Amino acid sequence: MIRALTWSMGAALLLTLSASSARAQTGTDDGLGALREEVARARKETPEAFVRLEAVIPQVTVLDARKRGTLAAAAALFRDLGAQALWPMVERLAFDDAGQAPQPVRDSAKLALQVGMVEATGDLRDARLLPLWKSLLEGSETRRPARRAAATALAKLESPEAAALLIALSHQEGSRGETVREAMGRCRRLVMAQALAEALALNPAPSETRRLAVALGDVGSFWAWKTSQSKSREEEGAVRRVAAEALVGAWMKQTGDIQQAITQALLRVDAPETVSLIQAMRTRTEEPRRAALEDLEQRMLHNPLR
Amino acid sequence: MSPPPDMRVPARASLGVLLSLMLLSGCDAFDWNSDTSGTSDRLTAPFEPHVNLLADVNRDGTVNAADETDEELWTAERGAIFLANIDDDQKRCAFSMSPSAMSDDALEACNDAADSEINGDEDLWDLARLRVERWAEAPDYAVGTVSVGGPASEKVRLFKQIGDEFFSFRIPNLLPLSAKDLREGVSIALEAKDIVRDPDLWDGYADVVLTIYHVDRPTERFQDTVRLRVAPVVMFHHLTPVRNVYVSRLDDEDSSRFRQELGGALAESGEPTAFSEFAVDDLWAQDYFEPAYMSMPRLGGRGAQHVIQVNYRAANANWNSSRIPLREAGRIVYWLRGRDQAAVSQYQPGLSAESQTLNSLGNTEVIPPYEKDGVKYPLGRLLRGRGPSSEPDFQPDPSFTKMLDAQAVQPVVYLDTSWLAVAHVDETISFLPANTPRGWIALVADPAQARRMLMKALEEGHGESKLFEDRRWLYDRPAEVTVSALLDHAGVMDTSARAALEIDEQLRILRAETGLTDDEIVRVPFLFQSAPNGATALQPGTVNLLSVSRSMVIAPDPHGLVIDGKDIFKAQLEEALAPHGIRVHWTDTWDLYHVGGGEIHCATNSARDVPSAKWWESGR
């Protein structure tokens, strides 16, 4: 209990600091000046990279025509252009306010192009791009997949600055904040797990509870933590524990598909403490919730991911 | 039949209404000139008509006295049936694939029920028959009508046989009958002008009423009522063999090779299967339409069914700027429309762009027939994907859902597919016929098993062995990846973990609804990757296959890990299906379909043998 309270206060403090930090970053310097210089330099040094990008873009139309769902996956097209494509893509993403760059005709292809470039650029996990993601997320972009991709790119930086900015942006109104919160779990850092846990503890609306539960599943995903791509391995135990504590607490307050989403997140995180957390909860719970907790415990013990 | 005494109490109706109906019918129901009976007789003679309307209530394909009992009711055991006559038996409806040449509305408006004619001999088979039994002693001052009232009145058309032909009259739901008609008896035919779409507007039942009355006392009516139900649209399950396989024909080498190979595999199956190719610019034949059928007892058919294939057009609203509101390739349903081939489109504009993928018909599959806890589903149940209830903007088109629900005979089971980028149920689950007590098995995607197989390979020293050798993503990007790199890919692992849990939940629902046991579930291992909007199969999703017959499926080549000369993913599926007598025909669809987010099931569609189980016996 004391430990939980300490975390809670710590996370609250971090949230406050993060928000002020984010506010500082949203001041007059939009941070894009340095990127503009990089783009200009790249135009001089590797003009062929800009030509290659433009040559690839019409292929998005083909992908769009062949897609099965709503949105074609175009990122791989741009990833394969290599590191030299970074600044040409940044130029399109950040400095084409007037919409002068050639675009596909169909709206779905335009969206696939935007999302594809954001994903490919985000995969480079280049810390210098933080102002770009900030600009996109604070800008006029309203298309959910495009905003979610930008927030995911920011999350993948997994830096304290990125985490702080994400937390600040997550407080935006409506779908602007929602798309950020959907992506927060991709920033596998303790501060993020704590922020998500705090938000979940506020007992938000069902759709928000579900969103936060999935994000906690993302941040604590034990299959992901087992790969060498995890940057902050020393935080793994704490991240998964914080996620599990928050999820077990929220599980008790929910029913139906929201409770199911929380169960899945718990299974995905699979923290070593989960079973004891459930057992502790069971001792202070009346039937029929008690029996439900027993079922949950059994599901944890027979986690299909193991 | 002669009405029982209590029914002989004449019903009251407005004289004005009856006269108006007759005038509007444009018909000489009462032949005034031939009325030779004396006025005094007319006024004093007893008027006791023989009022008997018959339909094929016992569903044996004939209309006779055996149909009398309970004709005003409709149950699983008895009740007459009619069809929505929305095919185009003489192929007279114009068609163009070009929206600028013909609008969607113009295409939808044409079918055999849209006019008041019988469109050839074939069309007559689509109409249910009724008979006004003769009243040999009917006096000249006896007249009558056959009519349909209530909500059904706007949905049906009645025809009367005159000589060798059937004619409808000015008011589609009303036929006038003269004394001569009553004396000789009349053959009636009935068609529905549409299927049931919204039970709040029409529940599919039509009460056909024979009314006879004295011409001088039109408010005293003698009536007999027969209840009919319009046939629901039933979707095909996989337990019957394919009879027509549909695929899009794209103008490229990959498409040509695939179609050639598919044709060869179908020939090899030994099933008499037609193979239809659509020249449309849309790969996903499973999604833009869906063959289904409606049926009624065949006239004189001794238990056989008369079937009209109904091709649903997917309710994929076009969220690109477009001249037409729906996915263009779906217009193919109007090209297919013809003899015993109907087209149905239903959609609601203004729904979210992201939810449109749920309206693809690869997201509406059929669980084969089963019985659980004493409840029978002889035609199976629909299986559809949707978002959680907390996501109201990510749900299938409610008007299409209402229409499917209204068919009633295949109650829907819903799974959450919102975590998938494409969000279709056919990405994770399919069904195959099997020689088990249930008669079928479920194939279920299993990313956790795929991971275990790869980890075992890693432990056995195959970490540097590659999957997807010589495969390329679009535009010549190499796809091959080592086992160790794949297992160390955080994105693939995390997406696969979530997929495993989501599929586990799908399976929990499927088990709860059907009672499936472990022995009836075949695990199909493949990993998932993250894509915009959700997860998608990283390895070709071999669960997404075409069931051709009881002994053969056509599945996408997984291009998996080859150890000792064998692809371990191919071997796993072959071994799992062999005990059920099912052979796998592998086809390479990597370039053509997999890179676009789908596999063989997504790329094909099929019409099948109509099951012997009749919908009218389903009790729904």
# chains A, B, ... in the order shown; residues from 1 in each chain; ligands from 1

$ interface_residues --of "chain A" --to "chain B" --cutoff "7 Å" --atoms "only C-alpha atoms" --output "CSV table (one decimal) with all heavy atoms, in the first residue's frame"
chain,number,residue,atom,x,y,z
A,66,ARG,N,-4.4,-2.4,-54.0
A,66,ARG,CA,-4.3,-3.8,-53.7
A,66,ARG,C,-4.6,-4.1,-52.3
A,66,ARG,O,-4.6,-5.3,-51.8
A,66,ARG,CB,-2.9,-4.3,-54.1
A,66,ARG,CG,-2.6,-4.4,-55.5
A,66,ARG,CD,-1.4,-5.1,-55.9
A,66,ARG,NE,-1.5,-5.7,-57.2
A,66,ARG,CZ,-0.8,-6.7,-57.7
A,66,ARG,NH1,0.1,-7.3,-56.9
A,66,ARG,NH2,-0.9,-7.1,-58.9
A,67,LYS,N,-4.8,-3.1,-51.5
A,67,LYS,CA,-5.0,-3.4,-50.0
A,67,LYS,C,-6.3,-4.1,-49.8
A,67,LYS,O,-7.2,-4.1,-50.5
A,67,LYS,CB,-5.1,-2.0,-49.3
A,67,LYS,CG,-6.4,-1.2,-49.6
A,67,LYS,CD,-6.4,0.1,-48.9
A,67,LYS,CE,-7.7,0.8,-49.1
A,67,LYS,NZ,-8.1,1.2,-50.4
A,68,ARG,N,-6.3,-4.9,-48.7
A,68,ARG,CA,-7.5,-5.6,-48.3
A,68,ARG,C,-8.4,-4.8,-47.4
A,68,ARG,O,-9.6,-4.9,-47.4
A,68,ARG,CB,-7.2,-7.0,-47.7
A,68,ARG,CG,-8.5,-7.8,-47.7
A,68,ARG,CD,-8.3,-9.2,-47.1
A,68,ARG,NE,-9.6,-9.9,-47.2
A,68,ARG,CZ,-10.1,-10.8,-46.4
A,68,ARG,NH1,-9.3,-11.2,-45.4
A,68,ARG,NH2,-11.2,-11.4,-46.5
A,69,GLY,N,-7.7,-4.1,-46.4
A,69,GLY,CA,-8.5,-3.4,-45.4
A,69,GLY,C,-8.7,-2.0,-45.9
A,69,GLY,O,-8.9,-1.6,-47.0
A,70,THR,N,-8.7,-1.1,-44.9
A,70,THR,CA,-9.0,0.3,-45.1
A,70,THR,C,-7.8,1.1,-45.5
A,70,THR,O,-7.9,2.1,-46.2
A,70,THR,CB,-9.6,1.0,-43.9
A,70,THR,OG1,-10.6,0.1,-43.3
A,70,THR,CG2,-10.2,2.3,-44.1
A,71,LEU,N,-6.6,0.6,-45.1
A,71,LEU,CA,-5.4,1.4,-45.2
A,71,LEU,C,-4.3,0.5,-45.7
A,71,LEU,O,-4.0,-0.5,-45.0
A,71,LEU,CB,-5.1,2.1,-43.9
A,71,LEU,CG,-3.9,3.1,-43.8
A,71,LEU,CD1,-4.2,4.2,-44.8
A,71,LEU,CD2,-3.8,3.6,-42.4
A,73,ALA,N,-0.5,-0.7,-46.2
A,73,ALA,CA,0.8,-0.6,-45.4
A,73,ALA,C,1.9,-0.2,-46.4
A,73,ALA,O,2.3,-1.0,-47.2
A,73,ALA,CB,1.1,-2.0,-44.8
A,106,ARG,N,-6.3,9.3,-54.8
A,106,ARG,CA,-7.3,8.9,-53.8
A,106,ARG,C,-7.0,9.2,-52.4
A,106,ARG,O,-5.8,9.2,-52.0
A,106,ARG,CB,-7.5,7.3,-53.9
A,106,ARG,CG,-8.1,6.9,-55.2
A,106,ARG,CD,-7.8,5.4,-55.5
A,106,ARG,NE,-8.5,4.6,-54.5
A,106,ARG,CZ,-9.7,4.0,-54.6
A,106,ARG,NH1,-10.4,4.2,-55.8
A,106,ARG,NH2,-10.3,3.3,-53.7
A,107,ASP,N,-8.0,9.6,-51.6
A,107,ASP,CA,-7.8,9.9,-50.2
A,107,ASP,C,-7.2,8.8,-49.5
A,107,ASP,O,-6.3,9.0,-48.6
A,107,ASP,CB,-9.2,10.2,-49.6
A,107,ASP,CG,-9.9,11.4,-50.2
A,107,ASP,OD1,-9.1,12.3,-50.8
A,107,ASP,OD2,-11.1,11.6,-50.1
A,108,SER,N,-7.6,7.6,-49.7
A,108,SER,CA,-7.0,6.4,-49.0
A,108,SER,C,-5.5,6.3,-49.3
A,108,SER,O,-4.7,5.9,-48.4
A,108,SER,CB,-7.7,5.1,-49.3
A,108,SER,OG,-7.8,4.9,-50.7
A,145,PRO,N,-5.4,7.5,-38.1
A,145,PRO,CA,-4.2,6.6,-38.4
A,145,PRO,C,-3.0,7.5,-38.5
A,145,PRO,O,-1.9,7.0,-38.0
A,145,PRO,CB,-4.6,5.9,-39.7
A,145,PRO,CG,-6.1,6.0,-39.8
A,145,PRO,CD,-6.5,7.3,-39.1
A,206,PRO,N,-15.7,3.7,-20.2
A,206,PRO,CA,-15.3,2.4,-20.7
A,206,PRO,C,-14.4,2.4,-21.9
A,206,PRO,O,-13.4,1.6,-21.9
A,206,PRO,CB,-16.7,1.7,-21.0
A,206,PRO,CG,-17.7,2.4,-20.2
A,206,PRO,CD,-17.2,3.8,-20.0
A,207,SER,N,-14.7,3.2,-22.9
A,207,SER,CA,-13.8,3.1,-24.0
A,207,SER,C,-12.4,3.6,-23.7
A,207,SER,O,-11.4,3.1,-24.2
A,207,SER,CB,-14.4,4.0,-25.2
A,207,SER,OG,-14.5,5.3,-24.7
A,221,SER,N,4.4,-5.7,-22.3
A,221,SER,CA,4.4,-6.9,-23.1
A,221,SER,C,5.6,-7.7,-22.9
A,221,SER,O,6.7,-7.3,-23.3
A,221,SER,CB,4.2,-6.5,-24.6
A,221,SER,OG,4.4,-7.7,-25.4
A,223,TRP,N,6.6,-10.6,-24.2
A,223,TRP,CA,7.3,-11.1,-25.4
A,223,TRP,C,8.2,-10.0,-26.0
A,223,TRP,O,9.2,-10.3,-26.5
A,223,TRP,CB,6.2,-11.5,-26.4
A,223,TRP,CG,5.7,-12.9,-26.2
A,223,TRP,CD1,5.8,-13.7,-25.1
A,223,TRP,CD2,5.0,-13.7,-27.2
A,223,TRP,NE1,5.2,-14.9,-25.3
A,223,TRP,CE2,4.7,-15.0,-26.6
A,223,TRP,CE3,4.7,-13.5,-28.5
A,223,TRP,CZ2,4.0,-16.0,-27.3
A,223,TRP,CZ3,4.0,-14.5,-29.2
A,223,TRP,CH2,3.7,-15.8,-28.6
A,224,ALA,N,7.7,-8.8,-25.9
A,224,ALA,CA,8.5,-7.7,-26.5
A,224,ALA,C,9.7,-7.4,-25.6
A,224,ALA,O,10.8,-7.2,-26.1
A,224,ALA,CB,7.7,-6.4,-26.6
A,227,THR,N,12.9,-9.5,-26.2
A,227,THR,CA,13.8,-9.2,-27.4
A,227,THR,C,14.9,-8.3,-27.0
A,227,THR,O,14.8,-7.5,-26.0
A,227,THR,CB,13.0,-8.6,-28.6
A,227,THR,OG1,12.6,-7.3,-28.2
A,227,THR,CG2,11.8,-9.4,-28.9
A,228,SER,N,16.0,-8.3,-27.8
A,228,SER,CA,17.1,-7.4,-27.5
A,228,SER,C,16.8,-6.0,-27.9
A,228,SER,O,17.6,-5.1,-27.6
A,228,SER,CB,18.3,-7.9,-28.3
A,228,SER,OG,18.1,-7.8,-29.6
A,229,GLN,N,15.6,-5.7,-28.5
A,229,GLN,CA,15.3,-4.4,-28.9
A,229,GLN,C,14.9,-3.5,-27.8
A,229,GLN,O,14.7,-2.3,-27.9
A,229,GLN,CB,14.3,-4.4,-30.0
A,229,GLN,CG,14.8,-5.0,-31.3
A,229,GLN,CD,13.7,-5.1,-32.4
A,229,GLN,OE1,12.5,-4.9,-32.1
A,229,GLN,NE2,14.1,-5.5,-33.6
A,257,ASP,N,-16.8,-6.7,-21.9
A,257,ASP,CA,-15.7,-6.7,-22.8
A,257,ASP,C,-14.5,-5.8,-22.3
A,257,ASP,O,-13.4,-5.9,-22.7
A,257,ASP,CB,-16.1,-6.3,-24.2
A,257,ASP,CG,-16.5,-4.8,-24.3
A,257,ASP,OD1,-17.4,-4.4,-23.6
A,257,ASP,OD2,-16.0,-4.1,-25.2
A,264,GLN,N,-6.8,-9.6,-20.9
A,264,GLN,CA,-5.8,-9.8,-22.0
A,264,GLN,C,-4.5,-9.1,-21.8
A,264,GLN,O,-3.4,-9.6,-22.0
A,264,GLN,CB,-6.4,-9.5,-23.3
A,264,GLN,CG,-7.5,-10.4,-23.7
A,264,GLN,CD,-7.7,-10.5,-25.2
A,264,GLN,OE1,-6.8,-10.1,-26.0
A,264,GLN,NE2,-8.8,-10.9,-25.7
A,268,ARG,N,-0.8,-10.5,-21.3
A,268,ARG,CA,0.3,-10.0,-22.2
A,268,ARG,C,1.5,-9.5,-21.3
A,268,ARG,O,2.6,-9.8,-21.7
A,268,ARG,CB,-0.2,-8.9,-23.1
A,268,ARG,CG,0.7,-8.6,-24.2
A,268,ARG,CD,-0.1,-8.3,-25.5
A,268,ARG,NE,-0.9,-7.1,-25.4
A,268,ARG,CZ,-0.6,-6.0,-26.0
A,268,ARG,NH1,0.6,-5.8,-26.6
A,268,ARG,NH2,-1.4,-4.9,-25.9
A,305,LEU,N,0.5,-17.7,-23.6
A,305,LEU,CA,1.7,-17.1,-24.1
A,305,LEU,C,3.0,-17.8,-23.6
A,305,LEU,O,4.1,-17.5,-24.1
A,305,LEU,CB,1.8,-15.6,-23.9
A,305,LEU,CG,0.7,-14.7,-24.5
A,305,LEU,CD1,1.0,-13.3,-24.2
A,305,LEU,CD2,0.6,-15.0,-26.0

$ select_by_dssp --residues "segment 110-252 of chain A" --states "alpha helix (DSSP H)" --output "VMD selection string"
chain A and resid 110 to 123 130 to 138 144 to 155 160 to 169 174 to 183 190 to 201 206 to 220 222 to 225 236 to 251

$ residues_around --residues "Gln100 of chain A" --least-positions-apart "6" --cutoff "12 Å" --atoms "only C-alpha atoms" --output "PyMOL selection string"
chain A and resi 91-93

$ residues_around --residues "Thr121 of chain A" --least-positions-apart "3" --cutoff "9 Å" --atoms "only C-alpha atoms" --output "VMD selection string"
chain A and resid 75 78 to 79 85 to 86 89 to 90 116 to 118 124 to 126 129 153

$ write_last_selection --atoms "C-alpha atoms" --output "mmCIF file, in the first residue's frame"
data_model
loop_
_atom_site.group_PDB
_atom_site.id
_atom_site.type_symbol
_atom_site.label_atom_id
_atom_site.label_comp_id
_atom_site.auth_asym_id
_atom_site.auth_seq_id
_atom_site.Cartn_x
_atom_site.Cartn_y
_atom_site.Cartn_z
ATOM 1 C CA ALA A 75 6.067 1.964 -44.677
ATOM 2 C CA PHE A 78 10.199 3.912 -47.599
ATOM 3 C CA ARG A 79 12.249 1.853 -45.168
ATOM 4 C CA ALA A 85 15.588 8.917 -47.328
ATOM 5 C CA LEU A 86 15.221 10.393 -43.859
ATOM 6 C CA MET A 89 10.688 12.283 -45.916
ATOM 7 C CA VAL A 90 11.091 14.890 -43.181
ATOM 8 C CA GLY A 116 3.854 5.020 -44.370
ATOM 9 C CA MET A 117 6.364 7.860 -44.266
ATOM 10 C CA VAL A 118 5.705 8.503 -40.578
ATOM 11 C CA LEU A 124 14.721 5.041 -37.363
ATOM 12 C CA ARG A 125 14.186 6.129 -33.738
ATOM 13 C CA ASP A 126 16.128 9.309 -34.431
ATOM 14 C CA LEU A 129 12.947 14.053 -34.988
ATOM 15 C CA ALA A 153 6.948 7.282 -33.770
#

$ residues_around --residues "segment 160-162 of chain B" --least-positions-apart "3" --cutoff "7 Å" --atoms "only C-alpha atoms" --output "compact mmCIF listing (two decimals) with N, CA and C atoms, in the first residue's frame"
# COMPACT_ATOMS: atom_id res chain seq x y z
N GLU B 165 -51.89 -18.05 -69.36
CA GLU B 165 -50.94 -17.06 -68.87
C GLU B 165 -51.37 -16.45 -67.54
N PHE B 166 -50.40 -15.88 -66.87
CA PHE B 166 -50.67 -15.21 -65.59
C PHE B 166 -50.57 -13.70 -65.78
N PHE B 167 -51.52 -13.01 -65.14
CA PHE B 167 -51.54 -11.56 -65.27
C PHE B 167 -51.67 -10.92 -63.89
N SER B 168 -50.99 -9.82 -63.73
CA SER B 168 -51.22 -9.03 -62.52
C SER B 168 -52.13 -7.86 -62.90
N VAL B 186 -59.51 -20.67 -59.63
CA VAL B 186 -58.48 -19.80 -60.22
C VAL B 186 -57.11 -20.19 -59.69
N SER B 187 -56.16 -20.22 -60.59
CA SER B 187 -54.76 -20.39 -60.16
C SER B 187 -54.15 -19.02 -59.93
N ILE B 188 -53.51 -18.92 -58.81
CA ILE B 188 -52.89 -17.64 -58.41
C ILE B 188 -51.39 -17.87 -58.29
N ALA B 189 -50.63 -16.84 -58.57
CA ALA B 189 -49.17 -16.90 -58.32
C ALA B 189 -48.78 -15.67 -57.51

$ residues_around --residues "Glu158 of chain A" --least-positions-apart "6" --cutoff "8 Å" --atoms "only C-alpha atoms" --output "list in words"
Cys187, Arg188, Arg189 and Lys231 of chain A

$ residues_around --residues "Gly338 of chain B" --least-positions-apart "5" --cutoff "7 Å" --atoms "only C-alpha atoms" --output "list in words"
Asp87, Asp88, Asp89, Gln90 and Lys91 of chain B

$ decode --residues "segment 169-219 of chain A" --atoms "C-alpha atoms" --output "tab-separated table (two decimals), in the first residue's frame"
chain	number	residue	atom	x	y	z
A	169	LEU	CA	0.03	15.61	-25.56
A	170	SER	CA	-2.13	12.86	-24.13
A	171	HIS	CA	-4.14	15.55	-22.35
A	172	GLN	CA	-5.39	17.00	-25.65
A	173	GLU	CA	-9.14	16.99	-26.08
A	174	GLY	CA	-11.12	14.34	-27.90
A	175	SER	CA	-9.61	12.09	-30.52
A	176	ARG	CA	-6.39	14.14	-30.54
A	177	GLY	CA	-5.59	12.91	-27.04
A	178	GLU	CA	-7.03	9.46	-27.65
A	179	THR	CA	-4.68	8.68	-30.52
A	180	VAL	CA	-1.74	9.71	-28.35
A	181	ARG	CA	-2.88	7.53	-25.46
A	182	GLU	CA	-3.30	4.60	-27.86
A	183	ALA	CA	0.39	4.92	-28.72
A	184	MET	CA	1.82	5.55	-25.27
A	185	GLY	CA	2.44	1.87	-24.57
A	186	ARG	CA	5.01	1.77	-27.36
A	187	CYS	CA	7.25	3.86	-25.13
A	188	ARG	CA	8.43	1.04	-22.89
A	189	ARG	CA	9.56	3.17	-19.98
A	190	LEU	CA	8.59	3.18	-16.32
A	191	VAL	CA	7.37	6.75	-16.42
A	192	MET	CA	4.95	5.80	-19.14
A	193	ALA	CA	3.66	2.76	-17.28
A	194	GLN	CA	3.11	4.99	-14.25
A	195	ALA	CA	1.28	7.63	-16.24
A	196	LEU	CA	-0.99	5.05	-17.79
A	197	ALA	CA	-1.57	3.40	-14.41
A	198	GLU	CA	-2.56	6.73	-12.91
A	199	ALA	CA	-4.94	7.48	-15.70
A	200	LEU	CA	-6.54	4.06	-15.32
A	201	ALA	CA	-6.91	4.53	-11.57
A	202	LEU	CA	-9.14	7.52	-12.26
A	203	ASN	CA	-11.81	5.05	-13.42
A	204	PRO	CA	-12.43	6.69	-16.80
A	205	ALA	CA	-15.23	5.91	-19.28
A	206	PRO	CA	-15.34	2.35	-20.66
A	207	SER	CA	-13.80	3.15	-24.04
A	208	GLU	CA	-10.97	5.01	-22.32
A	209	THR	CA	-10.47	2.20	-19.83
A	210	ARG	CA	-10.10	-0.19	-22.70
A	211	ARG	CA	-7.65	2.10	-24.47
A	212	LEU	CA	-5.50	2.44	-21.37
A	213	ALA	CA	-5.60	-1.29	-20.67
A	214	VAL	CA	-4.34	-2.08	-24.16
A	215	ALA	CA	-1.62	0.53	-23.77
A	216	LEU	CA	-0.56	-1.03	-20.46
A	217	GLY	CA	-0.46	-4.38	-22.25
A	218	ASP	CA	1.82	-2.77	-24.83
A	219	VAL	CA	4.16	-1.18	-22.34
